[in-house]
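Coordinates from work-v5.cif are shown below (mmCIF, C-alpha atoms and all ligand atoms).
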data_my_file
loop_
_atom_site.label_atom_id
_atom_site.label_comp_id
_atom_site.auth_asym_id
_atom_site.auth_seq_id
_atom_site.Cartn_x
_atom_site.Cartn_y
_atom_site.Cartn_z
CA MET A 8 4.89 -31.72 -7.85
CA LYS A 9 4.51 -33.51 -11.21
CA ASP A 10 5.40 -30.39 -13.22
CA LYS A 11 9.14 -30.41 -12.74
CA GLN A 12 9.76 -27.22 -14.70
CA ILE A 13 7.52 -25.14 -12.45
CA GLU A 14 8.71 -27.00 -9.34
CA LYS A 15 12.27 -26.06 -10.24
CA LEU A 16 11.33 -22.42 -10.69
CA ILE A 17 9.45 -22.31 -7.38
CA LYS A 18 12.48 -23.79 -5.65
CA ALA A 19 14.75 -21.28 -7.36
CA GLU A 20 12.55 -18.41 -6.17
CA GLN A 21 12.45 -19.85 -2.64
CA ALA A 22 16.25 -19.93 -2.65
CA ARG A 23 16.46 -16.40 -4.07
CA GLN A 24 14.13 -15.04 -1.40
CA LYS A 25 16.04 -16.83 1.34
CA LYS A 26 19.39 -15.46 0.24
CA ALA A 27 18.49 -11.87 -0.63
CA ILE A 28 18.18 -9.00 1.79
CA ASN A 29 14.83 -7.60 0.81
CA LEU A 30 14.25 -3.88 1.18
CA ILE A 31 11.40 -3.59 -1.34
CA ALA A 32 9.00 -1.38 0.64
CA SER A 33 5.88 -3.09 -0.71
CA GLU A 34 6.92 -6.71 -0.08
CA ASN A 35 6.75 -8.97 2.94
CA TYR A 36 6.86 -12.65 3.92
CA VAL A 37 3.59 -14.44 4.66
CA SER A 38 3.11 -17.22 7.18
CA LYS A 39 2.76 -20.91 6.33
CA ASP A 40 -0.94 -20.64 7.23
CA VAL A 41 -1.45 -17.89 4.64
CA LEU A 42 0.32 -20.05 2.03
CA ASP A 43 -1.81 -23.06 2.98
CA ALA A 44 -5.03 -21.08 2.55
CA LEU A 45 -3.81 -19.73 -0.81
CA GLY A 46 -2.95 -23.23 -2.01
CA SER A 47 -6.26 -24.74 -0.92
CA GLU A 48 -9.22 -26.18 -2.84
CA LEU A 49 -11.06 -22.89 -2.30
CA THR A 50 -9.47 -21.87 -5.59
CA ASN A 51 -11.87 -24.27 -7.37
CA LYS A 52 -15.03 -22.42 -6.38
CA TYR A 53 -16.94 -19.86 -8.43
CA ALA A 54 -18.68 -17.40 -6.12
CA GLU A 55 -19.92 -14.47 -8.22
CA GLY A 56 -22.04 -12.24 -6.04
CA TYR A 57 -21.85 -11.72 -2.29
CA PRO A 58 -22.54 -14.00 0.72
CA GLY A 59 -26.19 -15.11 0.63
CA LYS A 60 -26.61 -13.63 -2.88
CA ARG A 61 -24.53 -15.74 -5.28
CA TYR A 62 -25.14 -16.71 -8.87
CA TYR A 63 -23.92 -20.32 -8.48
CA GLY A 64 -24.84 -23.12 -6.11
CA GLY A 65 -22.51 -24.69 -3.58
CA ASN A 66 -21.44 -21.51 -1.83
CA SER A 67 -22.37 -22.38 1.76
CA VAL A 68 -18.73 -22.77 2.82
CA VAL A 69 -17.20 -19.86 0.92
CA ASP A 70 -19.97 -17.57 2.20
CA LYS A 71 -18.62 -18.27 5.68
CA VAL A 72 -15.06 -17.60 4.52
CA GLU A 73 -16.00 -14.21 3.05
CA ASN A 74 -18.09 -13.22 6.08
CA LEU A 75 -15.24 -14.16 8.40
CA ALA A 76 -12.72 -12.15 6.36
CA ALA A 77 -15.01 -9.09 6.51
CA GLU A 78 -15.66 -9.52 10.23
CA ARG A 79 -11.94 -9.78 10.95
CA ALA A 80 -11.12 -6.77 8.75
CA LEU A 81 -13.58 -4.54 10.60
CA GLU A 82 -12.47 -5.81 13.99
CA LEU A 83 -8.77 -5.33 13.22
CA PHE A 84 -9.25 -1.64 12.49
CA GLY A 85 -11.68 -1.12 15.39
CA LEU A 86 -14.71 -0.51 13.15
CA SER A 87 -18.31 -1.27 13.96
CA PRO A 88 -20.33 -3.10 11.29
CA GLU A 89 -23.10 -0.51 11.82
CA GLU A 90 -20.79 2.28 10.67
CA TRP A 91 -18.47 0.60 8.19
CA HIS A 92 -18.71 -1.94 5.41
CA VAL A 93 -15.79 -3.80 3.87
CA ASN A 94 -15.57 -5.41 0.45
CA THR A 95 -12.98 -8.21 0.38
CA GLN A 96 -13.21 -9.14 -3.31
CA ALA A 97 -11.02 -6.66 -5.20
CA LEU A 98 -8.19 -8.70 -6.65
CA SER A 99 -5.47 -6.22 -5.77
CA GLY A 100 -4.76 -2.55 -5.11
CA SER A 101 -5.23 -1.07 -8.57
CA PRO A 102 -8.59 -2.79 -9.20
CA ALA A 103 -9.68 -1.75 -5.70
CA ASN A 104 -8.89 1.89 -6.41
CA LEU A 105 -10.52 1.71 -9.83
CA ALA A 106 -13.66 0.32 -8.19
CA VAL A 107 -13.86 3.43 -6.00
CA TYR A 108 -13.73 5.71 -9.05
CA VAL A 109 -16.39 3.64 -10.82
CA ALA A 110 -18.58 3.64 -7.71
CA LEU A 111 -18.46 7.31 -6.76
CA LEU A 112 -17.61 9.39 -9.82
CA GLU A 113 -18.94 10.31 -13.22
CA LYS A 114 -16.60 10.05 -16.21
CA GLY A 115 -14.36 13.13 -16.40
CA ASP A 116 -14.83 14.18 -12.76
CA LYS A 117 -11.85 15.79 -11.08
CA VAL A 118 -9.83 13.72 -8.62
CA MET A 119 -7.10 15.30 -6.56
CA GLY A 120 -4.25 12.85 -6.05
CA MET A 121 -0.55 13.04 -5.42
CA SER A 122 1.56 12.93 -8.61
CA LEU A 123 3.42 9.70 -9.14
CA ASP A 124 6.76 11.50 -9.28
CA GLN A 125 6.15 13.06 -5.86
CA GLY A 126 5.21 9.82 -4.14
CA GLY A 127 1.67 9.03 -5.33
CA HIS A 128 0.43 5.96 -7.21
CA LEU A 129 -0.53 5.34 -10.84
CA THR A 130 -4.16 4.89 -9.79
CA HIS A 131 -4.24 8.30 -8.12
CA GLY A 132 -4.87 9.72 -11.60
CA HIS A 133 -1.66 9.28 -13.60
CA LYS A 134 -2.18 9.65 -17.35
CA VAL A 135 -1.03 6.10 -18.20
CA SER A 136 -3.57 4.60 -15.78
CA ALA A 137 -7.27 4.20 -16.62
CA THR A 138 -7.85 6.54 -13.67
CA GLY A 139 -6.08 9.31 -15.59
CA LYS A 140 -7.67 8.45 -18.93
CA PHE A 141 -11.30 8.49 -17.80
CA TRP A 142 -11.08 11.00 -14.97
CA THR A 143 -9.23 14.31 -14.61
CA GLN A 144 -6.32 14.36 -12.22
CA VAL A 145 -5.72 17.45 -10.15
CA PRO A 146 -2.18 16.75 -9.01
CA TYR A 147 -0.60 17.78 -5.73
CA GLY A 148 2.84 17.23 -4.28
CA VAL A 149 5.21 18.08 -1.50
CA SER A 150 6.81 21.40 -0.69
CA LYS A 151 10.19 21.91 -2.33
CA ASP A 152 11.92 22.95 0.89
CA SER A 153 10.72 20.38 3.39
CA GLU A 154 9.79 17.61 0.95
CA THR A 155 6.70 17.10 3.10
CA LEU A 156 3.03 17.81 2.40
CA ASP A 157 2.11 21.47 2.46
CA TYR A 158 -1.52 21.38 3.62
CA GLU A 159 -2.12 25.09 2.99
CA ASN A 160 -1.12 24.59 -0.62
CA LEU A 161 -3.32 21.49 -0.86
CA ARG A 162 -6.24 23.53 0.41
CA ASP A 163 -5.62 26.27 -2.15
CA ILE A 164 -5.54 23.72 -4.98
CA ALA A 165 -8.72 22.03 -3.71
CA LEU A 166 -10.63 25.32 -3.43
CA ARG A 167 -9.51 26.41 -6.87
CA GLU A 168 -10.23 23.09 -8.63
CA MET A 169 -13.17 21.80 -6.57
CA PRO A 170 -12.39 18.07 -7.11
CA LYS A 171 -15.12 15.51 -6.52
CA MET A 172 -12.71 13.23 -4.64
CA ILE A 173 -9.41 13.72 -2.83
CA ILE A 174 -7.04 10.79 -2.41
CA ALA A 175 -4.69 10.74 0.56
CA GLY A 176 -2.18 7.93 0.56
CA PHE A 177 1.11 7.24 -1.14
CA THR A 178 3.66 4.71 -2.29
CA ALA A 179 6.77 6.77 -1.68
CA TYR A 180 6.00 9.29 1.05
CA PRO A 181 7.78 8.41 4.29
CA ARG A 182 6.18 10.82 6.76
CA MET A 183 3.11 10.80 9.00
CA ILE A 184 -0.04 11.98 7.25
CA ASP A 185 -2.40 14.40 8.98
CA TRP A 186 -5.71 12.74 8.12
CA LYS A 187 -7.73 15.46 9.83
CA ARG A 188 -6.20 18.16 7.65
CA PHE A 189 -7.21 16.12 4.60
CA ARG A 190 -10.75 15.80 6.00
CA ASP A 191 -10.98 19.56 6.51
CA ILE A 192 -9.79 20.20 2.96
CA ALA A 193 -12.27 17.66 1.55
CA ASP A 194 -15.08 19.29 3.53
CA ALA A 195 -14.05 22.75 2.33
CA CYS A 196 -14.61 21.71 -1.30
CA GLY A 197 -17.34 19.11 -0.77
CA ALA A 198 -15.18 16.20 -1.96
CA TYR A 199 -15.15 12.58 -0.91
CA LEU A 200 -12.02 11.70 1.06
CA MET A 201 -10.53 8.42 -0.08
CA VAL A 202 -7.52 7.12 1.83
CA ASP A 203 -5.26 4.59 0.14
CA MET A 204 -3.42 3.09 3.08
CA SER A 205 -1.87 0.21 1.13
CA HIS A 206 1.65 0.85 2.31
CA ILE A 207 0.91 1.56 5.95
CA ALA A 208 -2.06 -0.75 6.66
CA GLY A 209 -0.02 -3.07 8.88
CA LEU A 210 1.37 -0.12 10.81
CA VAL A 211 -2.15 1.22 11.34
CA ALA A 212 -3.40 -2.24 12.35
CA GLY A 213 -0.55 -2.54 14.84
CA GLY A 214 -1.30 0.87 16.34
CA ALA A 215 2.06 2.27 15.24
CA TYR A 216 0.70 4.86 12.78
CA PRO A 217 -2.47 7.01 13.05
CA SER A 218 -5.66 5.44 11.76
CA PRO A 219 -7.48 7.26 8.94
CA PHE A 220 -10.89 5.80 9.76
CA LEU A 221 -12.10 8.73 11.85
CA TYR A 222 -11.81 10.98 8.82
CA ALA A 223 -12.18 9.03 5.57
CA ASP A 224 -15.28 8.18 3.55
CA ILE A 225 -13.51 5.32 1.81
CA VAL A 226 -10.32 3.47 2.74
CA THR A 227 -8.59 1.11 0.33
CA THR A 228 -5.65 -1.10 1.10
CA THR A 229 -3.67 -3.91 -0.36
CA THR A 230 -3.18 -6.82 2.00
CA HIS A 231 0.36 -7.84 1.09
CA LYS A 232 2.59 -5.00 2.18
CA THR A 233 3.07 -4.11 5.86
CA LEU A 234 -0.18 -6.01 6.59
CA ARG A 235 1.74 -9.20 5.70
CA GLY A 236 -1.04 -11.08 3.95
CA PRO A 237 -1.46 -12.57 0.48
CA ARG A 238 -1.72 -10.31 -2.56
CA GLY A 239 -5.20 -8.82 -2.43
CA ALA A 240 -7.15 -5.78 -1.33
CA LEU A 241 -9.88 -4.47 0.94
CA ILE A 242 -12.22 -1.54 0.33
CA PHE A 243 -13.79 -0.02 3.44
CA ALA A 244 -16.81 2.25 2.94
CA LYS A 245 -18.57 4.39 5.48
CA LYS A 246 -22.20 3.34 5.92
CA ASP A 247 -24.57 6.29 5.79
CA ALA A 248 -27.37 7.78 3.71
CA ARG A 249 -25.03 8.11 0.71
CA GLU A 250 -24.96 4.29 0.46
CA LEU A 251 -21.28 4.24 -0.52
CA ASN A 252 -21.11 0.63 0.60
CA LYS A 253 -23.73 -0.49 -1.91
CA LYS A 254 -22.07 1.53 -4.68
CA ILE A 255 -18.68 -0.02 -3.93
CA ASP A 256 -20.03 -3.57 -3.92
CA LYS A 257 -21.76 -2.99 -7.26
CA ALA A 258 -18.64 -1.48 -8.78
CA VAL A 259 -16.49 -4.48 -7.77
CA PHE A 260 -19.08 -7.04 -8.90
CA PRO A 261 -20.58 -6.93 -11.47
CA GLY A 262 -18.98 -3.62 -12.46
CA LEU A 263 -15.36 -4.70 -12.82
CA GLN A 264 -14.84 -8.29 -11.79
CA GLY A 265 -16.35 -11.75 -12.05
CA GLY A 266 -15.87 -14.43 -9.45
CA PRO A 267 -13.77 -13.53 -6.43
CA HIS A 268 -10.70 -15.63 -5.64
CA MET A 269 -11.94 -17.41 -2.53
CA ASN A 270 -8.56 -18.98 -1.71
CA GLN A 271 -7.20 -15.44 -1.62
CA THR A 272 -10.09 -14.27 0.59
CA ALA A 273 -9.38 -17.12 3.01
CA ALA A 274 -5.69 -16.23 3.07
CA ILE A 275 -6.59 -12.58 3.76
CA ALA A 276 -8.76 -13.76 6.68
CA VAL A 277 -5.80 -15.72 8.07
CA ALA A 278 -3.51 -12.69 7.78
CA LEU A 279 -6.09 -10.42 9.44
CA LYS A 280 -6.26 -12.76 12.42
CA GLU A 281 -2.47 -12.78 12.66
CA ALA A 282 -2.40 -8.98 12.49
CA ALA A 283 -4.75 -8.77 15.47
CA SER A 284 -2.21 -10.53 17.73
CA PRO A 285 -0.04 -8.76 20.33
CA ALA A 286 3.03 -10.05 18.45
CA PHE A 287 1.94 -8.10 15.37
CA LYS A 288 1.68 -4.87 17.40
CA LYS A 289 5.28 -5.38 18.43
CA TYR A 290 6.19 -6.14 14.82
CA ALA A 291 4.58 -2.92 13.54
CA ARG A 292 6.49 -0.82 16.06
CA GLN A 293 9.74 -2.60 15.20
CA VAL A 294 9.24 -1.97 11.46
CA ILE A 295 9.25 1.78 12.13
CA LYS A 296 12.14 1.62 14.62
CA ASN A 297 14.14 -0.29 12.02
CA ALA A 298 13.36 2.20 9.26
CA GLN A 299 14.37 5.07 11.53
CA ALA A 300 17.62 3.32 12.50
CA LEU A 301 18.42 2.60 8.84
CA ALA A 302 17.67 6.19 7.80
CA ALA A 303 19.73 7.65 10.66
CA GLU A 304 22.77 5.52 9.88
CA LEU A 305 22.60 6.24 6.14
CA LYS A 306 22.39 9.93 6.96
CA LYS A 307 25.44 9.62 9.21
CA LEU A 308 27.27 8.00 6.29
CA GLY A 309 26.52 11.03 4.14
CA TRP A 310 23.41 10.01 2.21
CA ARG A 311 20.63 12.54 1.70
CA ILE A 312 17.33 11.17 2.99
CA ILE A 313 14.24 12.75 1.40
CA SER A 314 12.36 14.85 3.98
CA GLY A 315 15.18 14.18 6.44
CA GLY A 316 13.87 10.88 7.79
CA THR A 317 10.85 8.64 8.13
CA ASP A 318 7.79 8.04 10.32
CA SER A 319 6.93 4.75 8.63
CA HIS A 320 8.50 1.65 7.08
CA LEU A 321 9.76 3.57 4.07
CA ILE A 322 12.85 5.62 3.23
CA LEU A 323 13.69 7.52 0.07
CA VAL A 324 17.39 8.09 -0.55
CA ASP A 325 18.66 10.69 -3.00
CA VAL A 326 21.56 8.77 -4.52
CA ALA A 327 21.99 11.23 -7.41
CA SER A 328 23.24 13.83 -4.94
CA GLN A 329 26.31 11.56 -4.65
CA GLY A 330 26.62 11.20 -8.41
CA ILE A 331 24.90 7.80 -8.72
CA GLY A 332 21.74 7.17 -10.76
CA GLY A 333 18.83 5.27 -9.18
CA LYS A 334 19.15 2.39 -11.65
CA GLU A 335 22.88 2.13 -11.15
CA ALA A 336 22.36 2.15 -7.37
CA SER A 337 19.66 -0.49 -7.51
CA ASP A 338 21.84 -2.72 -9.76
CA ALA A 339 24.88 -2.27 -7.52
CA LEU A 340 22.86 -3.21 -4.46
CA GLU A 341 21.39 -6.26 -6.18
CA ALA A 342 24.91 -7.39 -7.02
CA ALA A 343 25.66 -7.12 -3.30
CA GLY A 344 22.57 -9.19 -2.42
CA ILE A 345 20.33 -6.28 -1.39
CA ILE A 346 17.07 -5.83 -3.30
CA VAL A 347 15.58 -2.31 -3.54
CA ASN A 348 13.76 -0.33 -6.20
CA LYS A 349 14.87 2.75 -8.05
CA ASN A 350 12.45 5.58 -7.37
CA ALA A 351 11.81 9.16 -8.39
CA ILE A 352 12.40 11.77 -5.72
CA PRO A 353 10.30 14.95 -5.49
CA PHE A 354 11.14 17.42 -8.30
CA ASP A 355 13.36 14.81 -9.92
CA ALA A 356 15.39 16.13 -12.83
CA ARG A 357 16.17 12.60 -14.07
CA PRO A 358 13.84 10.33 -16.11
CA PRO A 359 11.62 7.65 -14.45
CA VAL A 360 13.70 4.81 -15.98
CA ASP A 361 16.79 6.08 -14.18
CA PRO A 362 15.59 8.44 -11.46
CA SER A 363 17.56 10.08 -8.67
CA GLY A 364 16.50 7.88 -5.81
CA ILE A 365 16.08 4.47 -4.32
CA ARG A 366 13.22 3.42 -2.05
CA LEU A 367 13.93 1.21 0.94
CA GLY A 368 11.44 -0.46 3.28
CA THR A 369 11.84 -2.52 6.42
CA ALA A 370 8.64 -4.61 6.55
CA GLY A 371 10.17 -7.78 5.09
CA GLU A 372 13.43 -7.81 7.00
CA THR A 373 11.58 -7.06 10.25
CA THR A 374 9.40 -10.13 9.65
CA ARG A 375 12.66 -12.06 9.42
CA GLY A 376 13.64 -10.78 12.87
CA ALA A 377 15.89 -7.81 12.08
CA LYS A 378 16.40 -5.23 14.82
CA GLU A 379 18.01 -1.78 14.93
CA LYS A 380 21.57 -3.14 15.18
CA ASP A 381 21.01 -5.17 12.02
CA MET A 382 19.83 -1.99 10.30
CA ILE A 383 23.01 -0.18 11.25
CA ALA A 384 25.07 -3.02 9.77
CA LEU A 385 22.85 -3.01 6.71
CA ALA A 386 23.28 0.76 6.21
CA ARG A 387 27.04 0.23 6.21
CA LYS A 388 26.71 -2.60 3.70
CA ILE A 389 24.57 -0.37 1.46
CA ASP A 390 27.09 2.43 1.78
CA ARG A 391 29.98 0.13 0.84
CA ALA A 392 28.13 -1.31 -2.16
CA LEU A 393 27.21 2.15 -3.47
CA ARG A 394 30.59 3.73 -2.90
CA ARG A 395 32.30 0.91 -4.79
CA LYS A 396 30.52 2.23 -7.89
N1 LIG B 1 3.83 -1.57 -6.57
C1 LIG B 1 3.45 -0.97 -5.32
C2 LIG B 1 4.59 -0.36 -4.62
O1 LIG B 1 5.68 -0.90 -4.75
O2 LIG B 1 4.45 0.63 -3.93
C3 LIG B 1 2.33 -0.02 -5.49
O3 LIG B 1 1.42 -0.53 -6.40
#
For the file at hand, write its structure as structure tokens.
Amino acid sequence: MKDKQIEKLIKAEQARQKKAINLIASENYVSKDVLDALGSELTNKYAEGYPGKRYYGGNSVVDKVENLAAERALELFGLSPEEWHVNTQALSGSPANLAVYVALLEKGDKVMGMSLDQGGHLTHGHKVSATGKFWTQVPYGVSKDSETLDYENLRDIALREMPKMIIAGFTAYPRMIDWKRFRDIADACGAYLMVDMSHIAGLVAGGAYPSPFLYADIVTTTTHKTLRGPRGALIFAKKDARELNKKIDKAVFPGLQGGPHMNQTAAIAVALKEAASPAFKKYARQVIKNAQALAAELKKLGWRIISGGTDSHLILVDVASQGIGGKEASDALEAAGIIVNKNAIPFDARPPVDPSGIRLGTAGETTRGAKEKDMIALARKIDRALRRK
């Protein structure tokens, strides 16, 4: 590299990633092939529009890239192109979710989404997000006792508020989601059901977590978490008389974005092929086994795990119940070489900048080959680092 300043920083980040134990639940490590696709000349191409319908010349190759990415995305999740459409152009998760709002809703419509402080995402209608400024969030959360979703309560809220869209999907909810219950609730109030499976997409692809596709109208996902691809997103839309697919495409381009990042699309295609392999199925199962082993050992060591455990890659630990703030815990772990994020827990009495919890995830360390025994050792290391505080 001629730019020595940036080269030095890339090398420093490579070294940091190599050295750190990474328990950020939304991060992972991509393959060399994914990096090669991302760093390719495809980045030079403008491709506004969709395959066969572009606004610039010279798109014969990138049309094939985009078609291949879409084909692989549908195949990976067992979807027929007659029943489902996928848009591969949204630049990342938040723009993908925004595109769904723009496509399906009128300004001010009600959207029922999980509150951020209970495990939802900013784009599920939080007031600081455009989704909360231009649409009306009807928040839902978990039950205080079990810290799991209370579907009866969700149904009551939906029937009272009659939202136009319900979002199922979370960034800090560790348990299995009952997609059918969500479908029933959406049907009861005539709402679209949008699933945001960003966190669990790789687990779904690997057959280790139930697929939402039988029940959802729209499914969004990022491609860089458990799915282990480059940063990016996919929006799946059911094809029927409502023409959701056409509305989604229009919302992404020209509604919200200009030219897609074709190097990113190619890298997504590479990751989708990798995720279709038998090795990835094994990986997805191991991610969950590792999270369960980590949660069980932390519990044994006296830490309160939100909802009592996990069915996914993700664990929420209530560190405040041991007198440690989330920020303090995250800093102490970083000093010990373990990277996590501080996170609110349901009904958190502490502020978001220093909440009561930390969120741990096993996708990255499982990619690096970690097994259950490593998780037990890691739980002990976490315990030691936190108790030194
Ligand atoms: N930042 C992602 C996460 O960590 O869950 C969601 O956008």
Each residue of stretch 68-165 of chain A with at least one atom at most 9 Å from stretch 342-359 of chain A should appear once, together with its nearest atom pair and the corresponding distance in Å (one decimal); atoms considered: all atoms listed in the file; ordering: chain, then increasing residue number; output as CSV.
residue,atom,partner,partner_atom,distance
A:Leu123,CA,A:Ala351,CA,8.4
A:Asp124,CA,A:Ala351,CA,5.6
A:Gln125,CA,A:Pro353,CA,4.6
A:Gly126,CA,A:Pro353,CA,7.4
A:Gly148,CA,A:Pro353,CA,7.9
A:Val149,CA,A:Pro353,CA,7.2
A:Ser150,CA,A:Pro353,CA,8.8
A:Lys151,CA,A:Phe354,CA,7.5
A:Glu154,CA,A:Pro353,CA,7.0
Output file for the residues above (C-alpha atoms, as a tab-separated table (two decimals), in the coordinates of the input):
chain	number	residue	atom	x	y	z
A	123	LEU	CA	3.42	9.70	-9.14
A	124	ASP	CA	6.76	11.50	-9.28
A	125	GLN	CA	6.15	13.06	-5.86
A	126	GLY	CA	5.21	9.82	-4.14
A	148	GLY	CA	2.84	17.23	-4.28
A	149	VAL	CA	5.21	18.08	-1.50
A	150	SER	CA	6.81	21.40	-0.69
A	151	LYS	CA	10.19	21.91	-2.33
A	154	GLU	CA	9.79	17.61	0.95
Practice item. Give the residue list for ligand LIG 1 (chain B) at 12 Å, counting all atoms listed in the file, as a ChimeraX atom specification, sorted by chain and then by residue number. Key: /A:30-35,99-104,123,126-131,136,176-181,203-207,228-233,238-240,320-321,347-350,365-368
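Distance-wise, atom CA of A:Leu111 and atom CA of A:Gly262 end up 12.3 Å apart.
Across the structure, atom CA of A:Val72 and atom CA of A:Leu221 are spaced 27.5 Å apart.
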Review point. So which residues are close to (11.5, -14.9, -2.8), meaning at most 12 Å away in the file's coordinates with only C-alpha atoms counted, and can you show them as a list in words?
Key: Leu16, Ile17, Lys18, Ala19, Glu20, Gln21, Ala22, Arg23, Gln24, Lys25, Lys26, Ala27, Ile28, Asn29, Ile31, Glu34, Asn35, Tyr36, Val37, Ile346 and Gly371 of chain A
Practice item. Kindly indicate which residue among A:Pro267, A:Gly46, A:Gly85, A:Gly139 lies nearest to A:Glu73, using all atoms listed in the file for the distances. Key: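 Distance minimum relative to A:Glu73 lands on A:Pro267.
Considering all atoms listed in the file, the residue among A:Gly65, A:Pro217, A:Gly332, A:Pro88 positioned nearest to A:Asp318 is A:Pro217.
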Rebuild stretch 37-49 of chain A so that it carries N, CA, C and O atoms, then output the result as a PDB file, keeping the file's coordinate frame.
ATOM      1  N   VAL A  37       4.799 -13.946   3.999  1.00  0.00           N
ATOM      2  CA  VAL A  37       3.590 -14.440   4.660  1.00  0.00           C
ATOM      3  C   VAL A  37       3.887 -15.705   5.447  1.00  0.00           C
ATOM      4  O   VAL A  37       4.892 -16.374   5.235  1.00  0.00           O
ATOM      5  N   SER A  38       2.955 -16.031   6.354  1.00  0.00           N
ATOM      6  CA  SER A  38       3.110 -17.220   7.180  1.00  0.00           C
ATOM      7  C   SER A  38       2.764 -18.475   6.374  1.00  0.00           C
ATOM      8  O   SER A  38       2.145 -18.403   5.311  1.00  0.00           O
ATOM      9  N   LYS A  39       3.104 -19.612   6.952  1.00  0.00           N
ATOM     10  CA  LYS A  39       2.760 -20.910   6.330  1.00  0.00           C
ATOM     11  C   LYS A  39       1.234 -21.042   6.258  1.00  0.00           C
ATOM     12  O   LYS A  39       0.713 -21.587   5.281  1.00  0.00           O
ATOM     13  N   ASP A  40       0.527 -20.537   7.257  1.00  0.00           N
ATOM     14  CA  ASP A  40      -0.940 -20.640   7.230  1.00  0.00           C
ATOM     15  C   ASP A  40      -1.534 -19.850   6.055  1.00  0.00           C
ATOM     16  O   ASP A  40      -2.489 -20.291   5.412  1.00  0.00           O
ATOM     17  N   VAL A  41      -0.972 -18.686   5.788  1.00  0.00           N
ATOM     18  CA  VAL A  41      -1.450 -17.890   4.640  1.00  0.00           C
ATOM     19  C   VAL A  41      -1.191 -18.665   3.351  1.00  0.00           C
ATOM     20  O   VAL A  41      -2.068 -18.773   2.486  1.00  0.00           O
ATOM     21  N   LEU A  42       0.003 -19.257   3.237  1.00  0.00           N
ATOM     22  CA  LEU A  42       0.320 -20.050   2.030  1.00  0.00           C
ATOM     23  C   LEU A  42      -0.615 -21.245   1.904  1.00  0.00           C
ATOM     24  O   LEU A  42      -1.078 -21.569   0.806  1.00  0.00           O
ATOM     25  N   ASP A  43      -0.915 -21.892   3.023  1.00  0.00           N
ATOM     26  CA  ASP A  43      -1.810 -23.060   2.980  1.00  0.00           C
ATOM     27  C   ASP A  43      -3.201 -22.663   2.488  1.00  0.00           C
ATOM     28  O   ASP A  43      -3.816 -23.366   1.688  1.00  0.00           O
ATOM     29  N   ALA A  44      -3.696 -21.532   2.986  1.00  0.00           N
ATOM     30  CA  ALA A  44      -5.030 -21.080   2.550  1.00  0.00           C
ATOM     31  C   ALA A  44      -5.004 -20.744   1.053  1.00  0.00           C
ATOM     32  O   ALA A  44      -5.921 -21.095   0.309  1.00  0.00           O
ATOM     33  N   LEU A  45      -3.923 -20.097   0.624  1.00  0.00           N
ATOM     34  CA  LEU A  45      -3.810 -19.730  -0.810  1.00  0.00           C
ATOM     35  C   LEU A  45      -3.761 -20.963  -1.699  1.00  0.00           C
ATOM     36  O   LEU A  45      -4.309 -20.954  -2.797  1.00  0.00           O
ATOM     37  N   GLY A  46      -3.122 -22.007  -1.211  1.00  0.00           N
ATOM     38  CA  GLY A  46      -2.950 -23.230  -2.010  1.00  0.00           C
ATOM     39  C   GLY A  46      -4.066 -24.234  -1.797  1.00  0.00           C
ATOM     40  O   GLY A  46      -3.915 -25.404  -2.137  1.00  0.00           O
ATOM     41  N   SER A  47      -5.192 -23.790  -1.257  1.00  0.00           N
ATOM     42  CA  SER A  47      -6.260 -24.740  -0.920  1.00  0.00           C
ATOM     43  C   SER A  47      -7.279 -24.908  -2.048  1.00  0.00           C
ATOM     44  O   SER A  47      -7.275 -24.164  -3.030  1.00  0.00           O
ATOM     45  N   GLU A  48      -8.172 -25.852  -1.850  1.00  0.00           N
ATOM     46  CA  GLU A  48      -9.220 -26.180  -2.840  1.00  0.00           C
ATOM     47  C   GLU A  48     -10.226 -25.040  -2.992  1.00  0.00           C
ATOM     48  O   GLU A  48     -11.065 -25.060  -3.910  1.00  0.00           O
ATOM     49  N   LEU A  49     -10.142 -24.037  -2.142  1.00  0.00           N
ATOM     50  CA  LEU A  49     -11.060 -22.890  -2.300  1.00  0.00           C
ATOM     51  C   LEU A  49     -10.877 -22.236  -3.671  1.00  0.00           C
ATOM     52  O   LEU A  49     -11.775 -21.567  -4.173  1.00  0.00           O
TER      53      LEU A  49
END
